[in-house]
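Below is one structure, written out as structure tokens, with a few remarks after it.
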Amino acid sequence: MKRFIEGEDRGQGTLLPEHLDDYVTENNPVRVVDVFVDELDLVKLGFARVVPAKTGRPAYHPAVLLKLYIYGYLNRIQSSRRLERESQRNVELMWLTRRLAPDFKTIANFRKDNGKAIRNVCRQFVVLCQQLDLFSDAVVAIDGSKFKAVNSSDRNFTDAKLKRRMAEIEASISRYLAELDTADRQEPAAAQAKSVRLNDKIAALKSQMAKLKEIEAKLK
């Protein structure tokens with residue numbers, strides 16, 4: 001493929017690996033999520049298992065799972081299995097969770113055990129972003145409800161307006177968590193891994209492509 005811009009050899013090692021931080025720009029909203037959650041007092045907010053057990057297997061810190069849920073809410077990732085997959089391939093989530101990739105059961109159980117606290121934190125996050133103009137162009141959209149981060153006509157918050165806005169955000173978050181529950185119930189059968197190895201499928205695909213080329217040549 002001469003005279004084209006060429007990518008790197010996938011098998012080529014590097015003496016100085018790139019930092020994951022290099023892939024997340026300074027103005028990426030994911031950095032706001034990271035700072036916001038790190039500043040929270042999760043014990044006072046009612047999150048379970050903030051203090052690790054003295055025995056048994058180590059667990060994920062609730063802050064890691066909370067960051068995952070806030071990111072999922074902002075980007076409308078609507079099932080625990082999708083959150084699991086995104087944490088394995090999405091560079092922003094790799095950065096946010098420090099390459100931790102909880103399985104979908106862990107993610108779902110965290111929601112089951114901390115539903116009320118998650119709703120309260122997500123609501124607080126959205127309101128804070130609006131008030132501080134943190135996302136100048138960002139829009140949180142769940143089920144057709146849109147909450148703009150900057151709205152000049154809404155800069156002055158009256159008590160009634162604030163209560164209405166909080167209620168709208170609360171309803172949006174509740175719908176999102178309900179969608180996660182629904183998706184988790186519907187996905188298990190489709191998510192089961194098949195016994196055929198991926199390498200075998202790739203080999204079969206290459207063989208089929210070769211046959212198609214032969215057929216194309218004969219037709220010509």
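Residue numbering restarts at 1 for every chain of the structure tokens, chains are lettered A, B, ... in their displayed order, and ligands are numbered from 1 as they appear.
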*Please run DSSP on the backbone and report, as JSON, numbers by chain, all residues within region 20-206 of chain A that come out as strand (DSSP E or B).*
{"A": [139, 140, 141, 142, 145, 146, 147, 148]}
*Give me, please, the distance in Å between CA of Glu26 (chain A) and CA of Asp41 (chain A), quoted to one decimal.*
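A separation of 25.2 Å between them.
When CA of Ala63 (chain A) is paired with CA of Leu42 (chain A), their separation reads 7.7 Å.
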*Contacts of Gly46 (chain A) at 8 Å or less, counting only C-alpha atoms, minus same-chain residues fewer than 2 places along, as a ChimeraX atom specification?*
/A:42-44,48,114,117
*Near region 69-83 of chain A, counting only C-alpha atoms, which residues have an atom at most 8 Å away, once you skip same-chain residues fewer than 3 positions from it, shown as a list in words?*
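With the cut-off at 8 Å, the set is Val30, Val33, Leu65, Leu66, Glu86, Ser87, Leu93, Asp103, Phe104, Lys105, Ile107, Ala108, Ile118, Cys122, Val140, Ala141, Ile142, Ile173, Tyr176, Glu179, Leu180, Asp181, Ala183 and Asp184 of chain A.
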N, CA, C and O atoms of the current selection, written as an mmCIF file, in the first residue's frame:
data_model
loop_
_atom_site.group_PDB
_atom_site.id
_atom_site.type_symbol
_atom_site.label_atom_id
_atom_site.label_comp_id
_atom_site.auth_asym_id
_atom_site.auth_seq_id
_atom_site.Cartn_x
_atom_site.Cartn_y
_atom_site.Cartn_z
ATOM 1 N N VAL A 30 -14.933 13.810 30.442
ATOM 2 C CA VAL A 30 -14.689 12.690 31.346
ATOM 3 C C VAL A 30 -13.814 13.104 32.530
ATOM 4 O O VAL A 30 -13.909 12.535 33.621
ATOM 5 N N VAL A 33 -16.105 14.324 35.285
ATOM 6 C CA VAL A 33 -16.695 13.204 36.016
ATOM 7 C C VAL A 33 -15.707 12.679 37.054
ATOM 8 O O VAL A 33 -16.071 12.413 38.207
ATOM 9 N N LEU A 65 -17.298 2.354 40.205
ATOM 10 C CA LEU A 65 -18.579 1.973 39.612
ATOM 11 C C LEU A 65 -19.490 3.179 39.423
ATOM 12 O O LEU A 65 -20.249 3.253 38.458
ATOM 13 N N LEU A 66 -19.399 4.155 40.330
ATOM 14 C CA LEU A 66 -20.199 5.367 40.199
ATOM 15 C C LEU A 66 -19.757 6.168 38.975
ATOM 16 O O LEU A 66 -20.594 6.685 38.216
ATOM 17 N N GLU A 86 -17.941 -1.487 27.064
ATOM 18 C CA GLU A 86 -17.329 -0.178 26.841
ATOM 19 C C GLU A 86 -16.112 0.021 27.735
ATOM 20 O O GLU A 86 -15.128 0.640 27.329
ATOM 21 N N SER A 87 -16.148 -0.500 28.949
ATOM 22 C CA SER A 87 -15.003 -0.348 29.849
ATOM 23 C C SER A 87 -13.789 -1.125 29.352
ATOM 24 O O SER A 87 -12.662 -0.837 29.752
ATOM 25 N N LEU A 93 -13.318 5.492 29.030
ATOM 26 C CA LEU A 93 -13.646 4.719 30.227
ATOM 27 C C LEU A 93 -12.420 4.032 30.809
ATOM 28 O O LEU A 93 -12.298 3.890 32.024
ATOM 29 N N ASP A 103 -17.262 -6.767 35.690
ATOM 30 C CA ASP A 103 -18.193 -7.556 34.887
ATOM 31 C C ASP A 103 -19.611 -7.030 35.085
ATOM 32 O O ASP A 103 -19.901 -6.288 36.020
ATOM 33 N N PHE A 104 -20.505 -7.442 34.185
ATOM 34 C CA PHE A 104 -21.846 -6.865 34.177
ATOM 35 C C PHE A 104 -22.626 -7.173 35.452
ATOM 36 O O PHE A 104 -23.452 -6.377 35.892
ATOM 37 N N LYS A 105 -22.365 -8.320 36.074
ATOM 38 C CA LYS A 105 -23.069 -8.649 37.317
ATOM 39 C C LYS A 105 -22.674 -7.686 38.435
ATOM 40 O O LYS A 105 -23.522 -7.251 39.226
ATOM 41 N N ILE A 107 -21.636 -4.633 38.025
ATOM 42 C CA ILE A 107 -22.230 -3.336 37.674
ATOM 43 C C ILE A 107 -23.708 -3.317 38.037
ATOM 44 O O ILE A 107 -24.221 -2.351 38.620
ATOM 45 N N ALA A 108 -24.423 -4.386 37.696
ATOM 46 C CA ALA A 108 -25.860 -4.462 37.983
ATOM 47 C C ALA A 108 -26.125 -4.509 39.488
ATOM 48 O O ALA A 108 -27.060 -3.870 39.980
ATOM 49 N N ILE A 118 -27.280 6.676 43.660
ATOM 50 C CA ILE A 118 -26.858 6.962 42.279
ATOM 51 C C ILE A 118 -27.719 8.066 41.688
ATOM 52 O O ILE A 118 -27.219 8.992 41.040
ATOM 53 N N CYS A 122 -26.236 11.660 40.391
ATOM 54 C CA CYS A 122 -26.401 12.058 38.986
ATOM 55 C C CYS A 122 -27.136 13.392 38.883
ATOM 56 O O CYS A 122 -26.776 14.250 38.079
ATOM 57 N N VAL A 140 -27.464 16.492 27.840
ATOM 58 C CA VAL A 140 -27.824 15.191 28.385
ATOM 59 C C VAL A 140 -29.208 14.858 27.842
ATOM 60 O O VAL A 140 -30.157 15.580 28.087
ATOM 61 N N ALA A 141 -29.317 13.790 27.090
ATOM 62 C CA ALA A 141 -30.590 13.437 26.458
ATOM 63 C C ALA A 141 -30.972 12.014 26.828
ATOM 64 O O ALA A 141 -30.305 11.068 26.442
ATOM 65 N N ILE A 142 -32.041 11.864 27.577
ATOM 66 C CA ILE A 142 -32.551 10.557 27.944
ATOM 67 C C ILE A 142 -34.048 10.527 27.637
ATOM 68 O O ILE A 142 -34.795 11.368 28.102
ATOM 69 N N ILE A 173 -33.208 10.540 35.195
ATOM 70 C CA ILE A 173 -32.279 9.561 35.765
ATOM 71 C C ILE A 173 -33.019 8.272 36.108
ATOM 72 O O ILE A 173 -32.518 7.172 35.858
ATOM 73 N N TYR A 176 -33.599 6.322 33.042
ATOM 74 C CA TYR A 176 -32.360 5.695 32.586
ATOM 75 C C TYR A 176 -32.067 4.414 33.370
ATOM 76 O O TYR A 176 -31.754 3.372 32.794
ATOM 77 N N GLU A 179 -34.385 1.724 32.330
ATOM 78 C CA GLU A 179 -33.987 1.170 31.041
ATOM 79 C C GLU A 179 -32.864 0.157 31.215
ATOM 80 O O GLU A 179 -32.819 -0.869 30.526
ATOM 81 N N LEU A 180 -31.949 0.444 32.129
ATOM 82 C CA LEU A 180 -30.866 -0.495 32.401
ATOM 83 C C LEU A 180 -31.438 -1.815 32.917
ATOM 84 O O LEU A 180 -31.014 -2.897 32.490
ATOM 85 N N ASP A 181 -32.385 -1.734 33.837
ATOM 86 C CA ASP A 181 -32.998 -2.948 34.382
ATOM 87 C C ASP A 181 -33.687 -3.755 33.280
ATOM 88 O O ASP A 181 -33.554 -4.978 33.212
ATOM 89 N N ALA A 183 -33.121 -3.660 29.989
ATOM 90 C CA ALA A 183 -32.132 -4.199 29.051
ATOM 91 C C ALA A 183 -31.399 -5.392 29.645
ATOM 92 O O ALA A 183 -31.125 -6.374 28.949
ATOM 93 N N ASP A 184 -31.088 -5.343 30.935
ATOM 94 C CA ASP A 184 -30.384 -6.448 31.580
ATOM 95 C C ASP A 184 -31.233 -7.720 31.594
ATOM 96 O O ASP A 184 -30.702 -8.828 31.513
#
_So, with only C-alpha atoms as the atoms that count, which of A:Lys67, A:Lys163, A:His19, A:Arg85 lies closest to Val32 (chain A)?_
A:Lys67
